[in-house]
Amino acid sequence: MAIHYETQGRTALIRIDNPPVNGLGHSTREGIVSGLRSALDDSGIDAIVLTGGNGFFSAGADITEFGTPKSGAAPTLNEVIAALDAAGKPVVAAIEGTCLGGGLELALGAHYRVATAASKLGLPEVNLGLVPGAGGTQRLPRALGFATAVDMITSGAPRTARVLAAIDGQRLLDRVVDTDAVAAAIDFAAEIAATRPLPRVRDLIAAGDPAAAAPQRAALVARSRGFLAPIAAFDLAATAVTTAFDEGLAAERAIFTGLVAGEQSAALRHAFFAERAARKIPGIGPDVRPRPVAKVGVLGAGTMGGGIAMNFLNVGIPVTILETVPEALDRGLGVIRRNYQIQVDKGKLAPEVLEQRMALLTPTLDYADLADSDLVIEAVFEDMDVKRTVFTKLDEVVKPGAILASNTSTLDVNAIAAVTSRPEDVVGLHFFSPANVMKLLEIVRGDRTADDVLVTAMTLGTRIGKTGVVAGVCDGFIGNRMLYNYRAAGFALLRAGATPAEIDSAIEGFGFAMGPFRVADLAGNDIGWAIRKRRYAEDPDAPREEIADSLCELGRYGQKTAAGWYDYDGRTPKPSPVVADLLAAYWDKHGTKPQTFDPDEIVQRLVLALTDEGARILEEGFAQRASDLDVVYLAGYGFPRHRGGPMWYADRVGLPTVVAALRRFHEGEEYEPAPLLVRLAETGGSFD
Ligand code: NAD
């Protein structure tokens, strides 16, 4: 039974009991209405308290019911809330823990709300490409005022009852207590049992001036890059100020219905389930337990080592960090402290927490200090000889059973493992820069990596707030291998007569924060050039990337030289006459006519290059499932979440169309799309 009903004196208590998060699935909704009916029919009851068990009020709709008949079956959440609105006896919501989405909408349908100060209230529907669909956009502005409500609804971010109760003139919370909202609500219910008429949020007037928020709306449109839900949410919240309640509710319903059936929400639901699926490793059951990790060692206090260390310090795990010379150690520690200080300056971190975190960090020059680490992560120079030396030492020094991890981007994890006497304890942990910020963690499974080492890496990744994805040992693993092909598609477009600005603008229109050439300028064009030069030296017949090479020969490395694919004045890119000349000379030499490409064509050329390489990775067994490739791109490469990822996107385009497009893009070359892609297209299959 999803609902527990009991009476305490003259108060009825309806408790949602639907673990794990008291989702408002069909049986829960039915239970609330039937509990309400019992209470209203019982002449011995004066008031009703509605609450949730399991430490939650409710985390909202049951996402597993989405798209099934159950989600729309009566009573809908709107009908449940209408029943609360119509109740002739006072209903008090007692809020503890999380009260999100439909949960908050339900609470807004009660006549009164009592909450614990630490409870979190929010409307996170935008995260699934939706707007609140049960009156949230109409009631929250009435309870909190337009400004706060629109912020909460468009960002999806929850706030604590403590913070919300302090808002001037708020009508959301009637009482805030430190503990036991249920007991407080029962007391409160007794106090107000005789109040008539009963207050309803729908009858309040929403304070605020949406017209004055026009610049805020414009900024939101720019930031959303084609993602519809936040803007729809903004406009609906404005409706709450300007329009009668029932009319606003009807508008909300219409928008919600459109969004829930739309492509963007489907993509975001896919992203949600894909991230869950990524944590499961086929063939490894729940019987395989993670090894305990209470102490971490980090080798190298450079760009990556420092950021990696911060992840562990942030969750209270002590870190010993090793360098070769004291200066490098001092520099590394200085950077870590400065990064924390920036958070302190922004008011995001208490100064004493900064000190607590720094106190967990032990600098050393001596390998012996790593001996009792449960996990050591190496982030030294990207050089096989250095890695071999370091792993040989770790193997000698670090206790048996400890995990030895490498953050290498390009080197063979199996070859690194082979220098140790315990290759089963070696794994790749590929963080992305800046390592304390970026969500993605590629967990690189060597040929001999033990199952419990993988499980430990995945569990630990979650603990430090990362999105872990298992990858096999191949050049570039998943993300960078796909990226290489995406960049190559960008270069091919340049050769065919497009400009960097044209390509970037198409990709940004698709929803990426930055197009490939702006990204390259940010990361440094010299990095790719160094790799290409190595390849040319190894293989004189390797195809030249003429345009990019000429750019680097001019010293145009990107933002760091104030010149790259663009000219820079600070961080703002401007089209460069030098690059225009360089392209014109190339096109002239090769008899190419500069041409304007349709932005959709540009997007397809680049995004389908990701799909194509992704399919090869999948078929070669270096990724566990297609949706993992989507997770890598969403978590690590700025792929627009409302587009679902490169594999999901290809499914939407339709694989036969994808194969035909790829063949057309590569006309005149010796090229075939990934065999898996062709096979799926021919057999009516999909990646999903
Ligand atoms: P970095 O040059 O900033 O830092 C490397 C640090 O390792 C230096 O401080 C150096 O003094 C130290 N070091 C060198 N040899 C050492 C040794 N034998 N023992 C202890 N310390 C030693 O380099 P980085 O960018 O932090 O890269 C480190 C590793 O991370 C490389 O394998 C790289 O491929 C990988 N990586 C880098 C990025 C990135 O974007 N920078 C992203 C993912 C992975």
# chains A, B, ... in the order shown; residues from 1 in each chain; ligands from 1

$ residues_around --residues "A:Gln595" --least-positions-apart "4" --cutoff "8 Å" --atoms "only C-alpha atoms" --output "short mmCIF file (atom, residue, chain, number, x, y, z; two decimals) with all heavy atoms, in the first residue's frame"
data_model
loop_
_atom_site.label_atom_id
_atom_site.label_comp_id
_atom_site.auth_asym_id
_atom_site.auth_seq_id
_atom_site.Cartn_x
_atom_site.Cartn_y
_atom_site.Cartn_z
N ALA A 496 36.47 22.10 -47.84
CA ALA A 496 35.40 22.15 -48.84
C ALA A 496 34.86 23.56 -49.04
O ALA A 496 33.93 23.76 -49.83
CB ALA A 496 34.28 21.20 -48.43
N GLY A 497 35.40 24.53 -48.29
CA GLY A 497 35.00 25.90 -48.57
C GLY A 497 34.23 26.60 -47.47
O GLY A 497 33.70 27.69 -47.68
N ALA A 498 34.14 26.00 -46.27
CA ALA A 498 33.46 26.66 -45.16
C ALA A 498 34.46 27.43 -44.30
O ALA A 498 35.66 27.19 -44.39
CB ALA A 498 32.74 25.61 -44.30
#

$ select_by_dssp --residues "stretch 353-601 of chain A" --states "alpha helix (DSSP H)" --output "ChimeraX atom specification"
/A:353-359,384-397,413-418,451-463,479-495,500-510,516-523,525-538,546-553,577-590,599-601

$ closest_atom_pairs --of "chain A" --to "ligand 1" --cutoff "6 Å" --atoms "only C-alpha atoms and all ligand atoms" --output "JSON lines"
{"residue": "A:Leu299", "atom": "CA", "partner": "ligand 1", "partner_atom_place_in_ligand_line": "20 (C)", "distance": 5.0}
{"residue": "A:Gly300", "atom": "CA", "partner": "ligand 1", "partner_atom_place_in_ligand_line": "7 (O)", "distance": 3.6}
{"residue": "A:Ala301", "atom": "CA", "partner": "ligand 1", "partner_atom_place_in_ligand_line": "9 (O)", "distance": 4.6}
{"residue": "A:Gly302", "atom": "CA", "partner": "ligand 1", "partner_atom_place_in_ligand_line": "4 (O)", "distance": 3.3}
{"residue": "A:Thr303", "atom": "CA", "partner": "ligand 1", "partner_atom_place_in_ligand_line": "26 (O)", "distance": 3.7}
{"residue": "A:Met304", "atom": "CA", "partner": "ligand 1", "partner_atom_place_in_ligand_line": "26 (O)", "distance": 3.6}
{"residue": "A:Gly305", "atom": "CA", "partner": "ligand 1", "partner_atom_place_in_ligand_line": "26 (O)", "distance": 5.5}
{"residue": "A:Leu322", "atom": "CA", "partner": "ligand 1", "partner_atom_place_in_ligand_line": "20 (C)", "distance": 5.6}
{"residue": "A:Glu323", "atom": "CA", "partner": "ligand 1", "partner_atom_place_in_ligand_line": "20 (C)", "distance": 4.0}
{"residue": "A:Thr324", "atom": "CA", "partner": "ligand 1", "partner_atom_place_in_ligand_line": "20 (C)", "distance": 4.8}
{"residue": "A:Ala328", "atom": "CA", "partner": "ligand 1", "partner_atom_place_in_ligand_line": "11 (O)", "distance": 5.5}
{"residue": "A:Ala379", "atom": "CA", "partner": "ligand 1", "partner_atom_place_in_ligand_line": "29 (C)", "distance": 4.0}
{"residue": "A:Val380", "atom": "CA", "partner": "ligand 1", "partner_atom_place_in_ligand_line": "7 (O)", "distance": 3.5}
{"residue": "A:Phe381", "atom": "CA", "partner": "ligand 1", "partner_atom_place_in_ligand_line": "5 (C)", "distance": 4.8}
{"residue": "A:Glu382", "atom": "CA", "partner": "ligand 1", "partner_atom_place_in_ligand_line": "32 (O)", "distance": 4.0}
{"residue": "A:Val386", "atom": "CA", "partner": "ligand 1", "partner_atom_place_in_ligand_line": "18 (N)", "distance": 6.0}
{"residue": "A:Val390", "atom": "CA", "partner": "ligand 1", "partner_atom_place_in_ligand_line": "18 (N)", "distance": 5.7}
{"residue": "A:Asn407", "atom": "CA", "partner": "ligand 1", "partner_atom_place_in_ligand_line": "30 (O)", "distance": 5.0}
{"residue": "A:Thr408", "atom": "CA", "partner": "ligand 1", "partner_atom_place_in_ligand_line": "32 (O)", "distance": 3.7}
{"residue": "A:Ser409", "atom": "CA", "partner": "ligand 1", "partner_atom_place_in_ligand_line": "34 (O)", "distance": 4.3}
{"residue": "A:His430", "atom": "CA", "partner": "ligand 1", "partner_atom_place_in_ligand_line": "44 (C)", "distance": 5.9}
{"residue": "A:Phe431", "atom": "CA", "partner": "ligand 1", "partner_atom_place_in_ligand_line": "43 (C)", "distance": 5.3}
{"residue": "A:Phe432", "atom": "CA", "partner": "ligand 1", "partner_atom_place_in_ligand_line": "42 (C)", "distance": 4.7}
{"residue": "A:Ser433", "atom": "CA", "partner": "ligand 1", "partner_atom_place_in_ligand_line": "40 (O)", "distance": 4.5}

$ closest_residue --among "A:Lys393, A:Lys589, A:Lys399, A:Arg534" --to "A:Val419" --atoms "only C-alpha atoms"
A:Lys393

$ select_by_dssp --residues "stretch 100-293 of chain A" --states "strand (DSSP E or B)" --output "PyMOL selection string"
chain A and resi 100+112-116+120-122+159-160+175-177

$ write_last_selection --atoms "N, CA, C and O atoms" --output "mmCIF file, in the first residue's frame"
data_model
loop_
_atom_site.group_PDB
_atom_site.id
_atom_site.type_symbol
_atom_site.label_atom_id
_atom_site.label_comp_id
_atom_site.auth_asym_id
_atom_site.auth_seq_id
_atom_site.Cartn_x
_atom_site.Cartn_y
_atom_site.Cartn_z
ATOM 1 N N LEU A 100 9.885 17.810 -3.985
ATOM 2 C CA LEU A 100 10.287 18.271 -5.317
ATOM 3 C C LEU A 100 9.214 17.993 -6.362
ATOM 4 O O LEU A 100 8.463 17.018 -6.244
ATOM 5 N N TYR A 112 -2.252 24.698 4.196
ATOM 6 C CA TYR A 112 -1.135 25.192 5.005
ATOM 7 C C TYR A 112 0.064 24.282 4.797
ATOM 8 O O TYR A 112 -0.085 23.104 4.471
ATOM 9 N N ARG A 113 1.260 24.811 5.105
ATOM 10 C CA ARG A 113 2.481 24.027 5.002
ATOM 11 C C ARG A 113 3.394 24.274 6.203
ATOM 12 O O ARG A 113 3.665 25.435 6.557
ATOM 13 N N VAL A 114 3.825 23.165 6.808
ATOM 14 C CA VAL A 114 4.768 23.215 7.921
ATOM 15 C C VAL A 114 5.989 22.411 7.472
ATOM 16 O O VAL A 114 5.836 21.314 6.923
ATOM 17 N N ALA A 115 7.194 22.966 7.645
ATOM 18 C CA ALA A 115 8.376 22.265 7.118
ATOM 19 C C ALA A 115 9.526 22.297 8.111
ATOM 20 O O ALA A 115 9.637 23.234 8.915
ATOM 21 N N THR A 116 10.386 21.301 8.032
ATOM 22 C CA THR A 116 11.644 21.395 8.775
ATOM 23 C C THR A 116 12.566 22.335 8.004
ATOM 24 O O THR A 116 12.534 22.389 6.767
ATOM 25 N N LYS A 120 14.179 20.437 1.549
ATOM 26 C CA LYS A 120 14.497 21.094 0.268
ATOM 27 C C LYS A 120 13.270 21.088 -0.624
ATOM 28 O O LYS A 120 12.692 20.033 -0.887
ATOM 29 N N LEU A 121 12.929 22.269 -1.108
ATOM 30 C CA LEU A 121 11.755 22.409 -1.953
ATOM 31 C C LEU A 121 12.171 22.928 -3.326
ATOM 32 O O LEU A 121 12.994 23.842 -3.417
ATOM 33 N N GLY A 122 11.596 22.346 -4.369
ATOM 34 C CA GLY A 122 11.970 22.805 -5.700
ATOM 35 C C GLY A 122 11.094 22.206 -6.782
ATOM 36 O O GLY A 122 10.343 21.253 -6.548
ATOM 37 N N ARG A 159 15.578 24.882 -2.990
ATOM 38 C CA ARG A 159 16.051 25.747 -1.901
ATOM 39 C C ARG A 159 15.549 25.172 -0.588
ATOM 40 O O ARG A 159 14.540 24.474 -0.550
ATOM 41 N N THR A 160 16.232 25.526 0.480
ATOM 42 C CA THR A 160 15.805 24.999 1.773
ATOM 43 C C THR A 160 14.633 25.822 2.300
ATOM 44 O O THR A 160 14.462 26.999 1.964
ATOM 45 N N ARG A 175 4.853 27.555 8.932
ATOM 46 C CA ARG A 175 5.668 27.350 10.132
ATOM 47 C C ARG A 175 6.912 26.550 9.740
ATOM 48 O O ARG A 175 6.810 25.609 8.938
ATOM 49 N N VAL A 176 8.063 26.927 10.287
ATOM 50 C CA VAL A 176 9.292 26.179 10.027
ATOM 51 C C VAL A 176 9.867 25.731 11.363
ATOM 52 O O VAL A 176 9.974 26.533 12.300
ATOM 53 N N VAL A 177 10.199 24.460 11.466
ATOM 54 C CA VAL A 177 10.689 23.897 12.731
ATOM 55 C C VAL A 177 12.022 23.198 12.498
ATOM 56 O O VAL A 177 12.371 22.897 11.353
#

$ residues_around --residues "A:Gly44" --least-positions-apart "2" --cutoff "8 Å" --atoms "only C-alpha atoms" --output "NGL selection string"
:A and (10 or 42 or 46)

$ closest_residue --among "A:Gly528, A:Gly9, A:Gly591, A:Gly169" --to "A:Glu545" --atoms "only C-alpha atoms"
A:Gly528

$ residues_around --residues "A:Ser505" --least-positions-apart "4" --cutoff "8 Å" --atoms "only C-alpha atoms" --output "ChimeraX atom specification"
/A:501,509,515

$ write_last_selection --atoms "N, CA and C atoms" --output "tab-separated table (two decimals), in the first residue's frame"
chain	number	residue	atom	x	y	z
A	501	ALA	N	34.08	30.31	-38.50
A	501	ALA	CA	32.96	30.99	-37.85
A	501	ALA	C	31.63	30.37	-38.26
A	509	GLY	N	24.50	26.79	-32.60
A	509	GLY	CA	23.05	26.82	-32.82
A	509	GLY	C	22.40	25.50	-32.46
A	515	GLY	N	31.73	25.99	-30.58
A	515	GLY	CA	32.04	25.17	-31.74
A	515	GLY	C	33.48	24.67	-31.68

$ residues_around --residues "A:Glu613" --least-positions-apart "6" --cutoff "10 Å" --atoms "only C-alpha atoms" --output "PyMOL selection string"
chain A and resi 478-479+481-486+619+673-674+677

$ write_last_selection --atoms "N, CA and C atoms" --output "PDB file, in the first residue's frame"
ATOM      1  N   ILE A 478      37.101   6.438 -25.176  1.00  0.00           N
ATOM      2  CA  ILE A 478      35.855   6.717 -25.899  1.00  0.00           C
ATOM      3  C   ILE A 478      35.830   8.174 -26.379  1.00  0.00           C
ATOM      4  N   GLY A 479      35.937   9.088 -25.427  1.00  0.00           N
ATOM      5  CA  GLY A 479      35.652  10.494 -25.720  1.00  0.00           C
ATOM      6  C   GLY A 479      36.600  11.104 -26.732  1.00  0.00           C
ATOM      7  N   ARG A 481      38.689   9.641 -28.739  1.00  0.00           N
ATOM      8  CA  ARG A 481      38.700   8.944 -30.027  1.00  0.00           C
ATOM      9  C   ARG A 481      37.562   9.475 -30.911  1.00  0.00           C
ATOM     10  N   MET A 482      36.392   9.658 -30.325  1.00  0.00           N
ATOM     11  CA  MET A 482      35.275  10.206 -31.099  1.00  0.00           C
ATOM     12  C   MET A 482      35.553  11.658 -31.483  1.00  0.00           C
ATOM     13  N   LEU A 483      36.160  12.393 -30.552  1.00  0.00           N
ATOM     14  CA  LEU A 483      36.443  13.812 -30.791  1.00  0.00           C
ATOM     15  C   LEU A 483      37.368  13.998 -31.993  1.00  0.00           C
ATOM     16  N   TYR A 484      38.303  13.079 -32.131  1.00  0.00           N
ATOM     17  CA  TYR A 484      39.260  13.162 -33.223  1.00  0.00           C
ATOM     18  C   TYR A 484      38.515  13.166 -34.564  1.00  0.00           C
ATOM     19  N   ASN A 485      37.524  12.297 -34.665  1.00  0.00           N
ATOM     20  CA  ASN A 485      36.744  12.196 -35.898  1.00  0.00           C
ATOM     21  C   ASN A 485      35.868  13.436 -36.129  1.00  0.00           C
ATOM     22  N   TYR A 486      35.370  13.991 -35.044  1.00  0.00           N
ATOM     23  CA  TYR A 486      34.542  15.209 -35.102  1.00  0.00           C
ATOM     24  C   TYR A 486      35.385  16.368 -35.617  1.00  0.00           C
ATOM     25  N   GLU A 619      31.370  -1.579 -31.616  1.00  0.00           N
ATOM     26  CA  GLU A 619      31.537  -2.869 -32.277  1.00  0.00           C
ATOM     27  C   GLU A 619      32.855  -3.533 -31.887  1.00  0.00           C
ATOM     28  N   PRO A 673      31.032   3.777 -43.903  1.00  0.00           N
ATOM     29  CA  PRO A 673      30.553   4.015 -42.527  1.00  0.00           C
ATOM     30  C   PRO A 673      30.835   2.789 -41.650  1.00  0.00           C
ATOM     31  N   ALA A 674      30.800   2.981 -40.341  1.00  0.00           N
ATOM     32  CA  ALA A 674      31.049   1.874 -39.411  1.00  0.00           C
ATOM     33  C   ALA A 674      30.148   0.689 -39.756  1.00  0.00           C
ATOM     34  N   LEU A 677      26.889   0.383 -37.939  1.00  0.00           N
ATOM     35  CA  LEU A 677      25.921   1.388 -38.369  1.00  0.00           C
ATOM     36  C   LEU A 677      25.185   0.912 -39.623  1.00  0.00           C
TER      37      LEU A 677
END

$ residues_around --residues "A:Gly297" --least-positions-apart "2" --cutoff "10 Å" --atoms "only C-alpha atoms" --output "number ranges by chain"
A: 295, 299-300, 305, 309, 318-322, 361-363, 367, 369-378, 398, 404-405

$ write_last_selection --atoms "N, CA, C and O atoms" --output "mmCIF file, in the first residue's frame"
data_model
loop_
_atom_site.group_PDB
_atom_site.id
_atom_site.type_symbol
_atom_site.label_atom_id
_atom_site.label_comp_id
_atom_site.auth_asym_id
_atom_site.auth_seq_id
_atom_site.Cartn_x
_atom_site.Cartn_y
_atom_site.Cartn_z
ATOM 1 N N LYS A 295 42.022 6.293 2.033
ATOM 2 C CA LYS A 295 43.214 7.114 1.893
ATOM 3 C C LYS A 295 43.677 7.060 0.453
ATOM 4 O O LYS A 295 43.796 5.980 -0.127
ATOM 5 N N LEU A 299 49.998 11.177 -7.644
ATOM 6 C CA LEU A 299 51.360 11.430 -8.138
ATOM 7 C C LEU A 299 51.326 12.558 -9.141
ATOM 8 O O LEU A 299 50.631 12.474 -10.151
ATOM 9 N N GLY A 300 52.071 13.607 -8.842
ATOM 10 C CA GLY A 300 52.098 14.760 -9.740
ATOM 11 C C GLY A 300 51.108 15.798 -9.240
ATOM 12 O O GLY A 300 49.937 15.493 -9.034
ATOM 13 N N GLY A 305 46.796 16.561 -11.468
ATOM 14 C CA GLY A 305 46.970 16.015 -10.119
ATOM 15 C C GLY A 305 46.278 16.871 -9.055
ATOM 16 O O GLY A 305 45.601 16.343 -8.171
ATOM 17 N N ALA A 309 43.148 15.618 -6.759
ATOM 18 C CA ALA A 309 43.234 15.603 -5.293
ATOM 19 C C ALA A 309 42.028 16.326 -4.674
ATOM 20 O O ALA A 309 41.438 15.848 -3.702
ATOM 21 N N PRO A 318 41.376 11.821 2.969
ATOM 22 C CA PRO A 318 42.730 12.375 3.012
ATOM 23 C C PRO A 318 43.547 11.974 1.783
ATOM 24 O O PRO A 318 43.413 10.860 1.283
ATOM 25 N N VAL A 319 44.362 12.913 1.324
ATOM 26 C CA VAL A 319 45.169 12.695 0.122
ATOM 27 C C VAL A 319 46.634 13.003 0.426
ATOM 28 O O VAL A 319 46.947 14.034 1.018
ATOM 29 N N THR A 320 47.512 12.092 0.014
ATOM 30 C CA THR A 320 48.946 12.377 0.043
ATOM 31 C C THR A 320 49.381 12.624 -1.391
ATOM 32 O O THR A 320 49.115 11.806 -2.265
ATOM 33 N N ILE A 321 50.014 13.777 -1.634
ATOM 34 C CA ILE A 321 50.359 14.129 -3.009
ATOM 35 C C ILE A 321 51.879 14.204 -3.160
ATOM 36 O O ILE A 321 52.558 14.827 -2.344
ATOM 37 N N LEU A 322 52.387 13.505 -4.172
ATOM 38 C CA LEU A 322 53.828 13.364 -4.334
ATOM 39 C C LEU A 322 54.333 14.093 -5.582
ATOM 40 O O LEU A 322 53.699 14.036 -6.633
ATOM 41 N N LEU A 361 45.303 17.324 3.252
ATOM 42 C CA LEU A 361 46.265 17.129 2.169
ATOM 43 C C LEU A 361 47.692 17.081 2.718
ATOM 44 O O LEU A 361 48.138 18.010 3.379
ATOM 45 N N THR A 362 48.394 15.981 2.430
ATOM 46 C CA THR A 362 49.771 15.844 2.893
ATOM 47 C C THR A 362 50.722 15.863 1.707
ATOM 48 O O THR A 362 50.676 14.967 0.864
ATOM 49 N N PRO A 363 51.584 16.872 1.606
ATOM 50 C CA PRO A 363 52.555 16.890 0.514
ATOM 51 C C PRO A 363 53.765 16.019 0.848
ATOM 52 O O PRO A 363 54.146 15.928 2.024
ATOM 53 N N TYR A 367 58.195 8.326 -1.711
ATOM 54 C CA TYR A 367 57.229 7.256 -2.046
ATOM 55 C C TYR A 367 56.743 6.486 -0.825
ATOM 56 O O TYR A 367 55.624 5.976 -0.824
ATOM 57 N N ASP A 369 55.674 7.438 1.817
ATOM 58 C CA ASP A 369 54.459 8.020 2.386
ATOM 59 C C ASP A 369 53.183 7.577 1.668
ATOM 60 O O ASP A 369 52.079 7.863 2.128
ATOM 61 N N LEU A 370 53.355 6.890 0.536
ATOM 62 C CA LEU A 370 52.171 6.394 -0.187
ATOM 63 C C LEU A 370 51.839 4.952 0.186
ATOM 64 O O LEU A 370 50.832 4.405 -0.264
ATOM 65 N N ALA A 371 52.708 4.349 1.015
ATOM 66 C CA ALA A 371 52.630 2.903 1.259
ATOM 67 C C ALA A 371 51.251 2.446 1.724
ATOM 68 O O ALA A 371 50.752 1.407 1.306
ATOM 69 N N ASP A 372 50.613 3.225 2.592
ATOM 70 C CA ASP A 372 49.335 2.749 3.135
ATOM 71 C C ASP A 372 48.119 3.339 2.414
ATOM 72 O O ASP A 372 47.000 3.295 2.924
ATOM 73 N N SER A 373 48.309 3.873 1.209
ATOM 74 C CA SER A 373 47.169 4.371 0.421
ATOM 75 C C SER A 373 46.334 3.192 -0.071
ATOM 76 O O SER A 373 46.862 2.132 -0.389
ATOM 77 N N ASP A 374 45.012 3.409 -0.142
ATOM 78 C CA ASP A 374 44.128 2.378 -0.699
ATOM 79 C C ASP A 374 44.023 2.514 -2.209
ATOM 80 O O ASP A 374 43.667 1.576 -2.909
ATOM 81 N N LEU A 375 44.300 3.717 -2.681
ATOM 82 C CA LEU A 375 44.249 4.002 -4.110
ATOM 83 C C LEU A 375 45.307 5.052 -4.401
ATOM 84 O O LEU A 375 45.414 6.037 -3.675
ATOM 85 N N VAL A 376 46.102 4.819 -5.457
ATOM 86 C CA VAL A 376 47.046 5.846 -5.892
ATOM 87 C C VAL A 376 46.709 6.193 -7.334
ATOM 88 O O VAL A 376 46.544 5.295 -8.174
ATOM 89 N N ILE A 377 46.567 7.491 -7.619
ATOM 90 C CA ILE A 377 46.289 7.925 -8.992
ATOM 91 C C ILE A 377 47.500 8.687 -9.513
ATOM 92 O O ILE A 377 47.936 9.654 -8.900
ATOM 93 N N GLU A 378 47.998 8.208 -10.629
ATOM 94 C CA GLU A 378 49.183 8.821 -11.223
ATOM 95 C C GLU A 378 48.758 9.874 -12.246
ATOM 96 O O GLU A 378 47.930 9.598 -13.121
ATOM 97 N N VAL A 398 53.709 0.380 -2.451
ATOM 98 C CA VAL A 398 52.325 0.486 -1.958
ATOM 99 C C VAL A 398 51.812 -0.883 -1.509
ATOM 100 O O VAL A 398 52.119 -1.909 -2.119
ATOM 101 N N LEU A 404 46.087 0.783 -8.184
ATOM 102 C CA LEU A 404 47.049 1.678 -8.832
ATOM 103 C C LEU A 404 46.416 2.180 -10.127
ATOM 104 O O LEU A 404 46.130 1.388 -11.029
ATOM 105 N N ALA A 405 46.165 3.489 -10.190
ATOM 106 C CA ALA A 405 45.431 4.034 -11.329
ATOM 107 C C ALA A 405 46.283 5.029 -12.097
ATOM 108 O O ALA A 405 47.105 5.739 -11.523
#

$ residues_around --residues "A:Asp246" --least-positions-apart "4" --cutoff "10 Å" --atoms "only C-alpha atoms" --output "list of chain:residue names"
A:Gly135, A:Gln138, A:Arg202, A:Ala240, A:Ala250, A:Ala251, A:Glu252

$ write_last_selection --atoms "N, CA, C and O atoms" --output "PDB file, in the first residue's frame"
ATOM      1  N   GLY A 135       0.147  22.599 -11.748  1.00  0.00           N
ATOM      2  CA  GLY A 135      -0.140  23.895 -11.126  1.00  0.00           C
ATOM      3  C   GLY A 135       1.066  24.605 -10.550  1.00  0.00           C
ATOM      4  O   GLY A 135       0.951  25.734 -10.073  1.00  0.00           O
ATOM      5  N   GLN A 138       1.786  28.102 -11.650  1.00  0.00           N
ATOM      6  CA  GLN A 138       0.765  29.083 -11.275  1.00  0.00           C
ATOM      7  C   GLN A 138       0.733  29.319  -9.770  1.00  0.00           C
ATOM      8  O   GLN A 138       0.475  30.432  -9.316  1.00  0.00           O
ATOM      9  N   ARG A 202      -4.248  29.217  -4.736  1.00  0.00           N
ATOM     10  CA  ARG A 202      -4.794  29.656  -6.024  1.00  0.00           C
ATOM     11  C   ARG A 202      -5.494  31.011  -5.924  1.00  0.00           C
ATOM     12  O   ARG A 202      -5.667  31.700  -6.924  1.00  0.00           O
ATOM     13  N   ALA A 240       1.125  33.687 -14.296  1.00  0.00           N
ATOM     14  CA  ALA A 240       0.566  33.655 -12.944  1.00  0.00           C
ATOM     15  C   ALA A 240       0.316  35.067 -12.420  1.00  0.00           C
ATOM     16  O   ALA A 240      -0.587  35.294 -11.617  1.00  0.00           O
ATOM     17  N   ALA A 250      -4.748  26.144 -17.379  1.00  0.00           N
ATOM     18  CA  ALA A 250      -5.017  25.547 -18.693  1.00  0.00           C
ATOM     19  C   ALA A 250      -3.812  25.758 -19.615  1.00  0.00           C
ATOM     20  O   ALA A 250      -3.416  24.847 -20.357  1.00  0.00           O
ATOM     21  N   ALA A 251      -3.203  26.944 -19.528  1.00  0.00           N
ATOM     22  CA  ALA A 251      -2.027  27.216 -20.367  1.00  0.00           C
ATOM     23  C   ALA A 251      -0.891  26.272 -19.980  1.00  0.00           C
ATOM     24  O   ALA A 251      -0.212  25.699 -20.832  1.00  0.00           O
ATOM     25  N   GLU A 252      -0.701  26.108 -18.673  1.00  0.00           N
ATOM     26  CA  GLU A 252       0.347  25.201 -18.188  1.00  0.00           C
ATOM     27  C   GLU A 252       0.127  23.789 -18.724  1.00  0.00           C
ATOM     28  O   GLU A 252       1.059  23.125 -19.191  1.00  0.00           O
TER      29      GLU A 252
END

$ closest_residue --among "A:Ile205, A:Leu411, A:Tyr536, A:Val473" --to "A:Arg171" --atoms "only C-alpha atoms"
A:Ile205

$ decode --residues "stretch 349-363 of chain A" --atoms "C-alpha atoms" --output "CSV table (one decimal), in the first residue's frame"
chain,number,residue,atom,x,y,z
A,349,LEU,CA,32.7,27.8,0.7
A,350,ALA,CA,33.2,28.7,4.4
A,351,PRO,CA,36.8,29.8,5.2
A,352,GLU,CA,37.1,27.1,7.9
A,353,VAL,CA,36.0,24.4,5.4
A,354,LEU,CA,38.9,25.6,3.2
A,355,GLU,CA,41.3,25.0,6.1
A,356,GLN,CA,39.7,21.6,6.9
A,357,ARG,CA,40.2,20.5,3.3
A,358,MET,CA,43.8,21.7,3.1
A,359,ALA,CA,44.5,19.9,6.4
A,360,LEU,CA,43.5,16.6,4.7
A,361,LEU,CA,46.3,17.1,2.2
A,362,THR,CA,49.8,15.8,2.9
A,363,PRO,CA,52.6,16.9,0.5
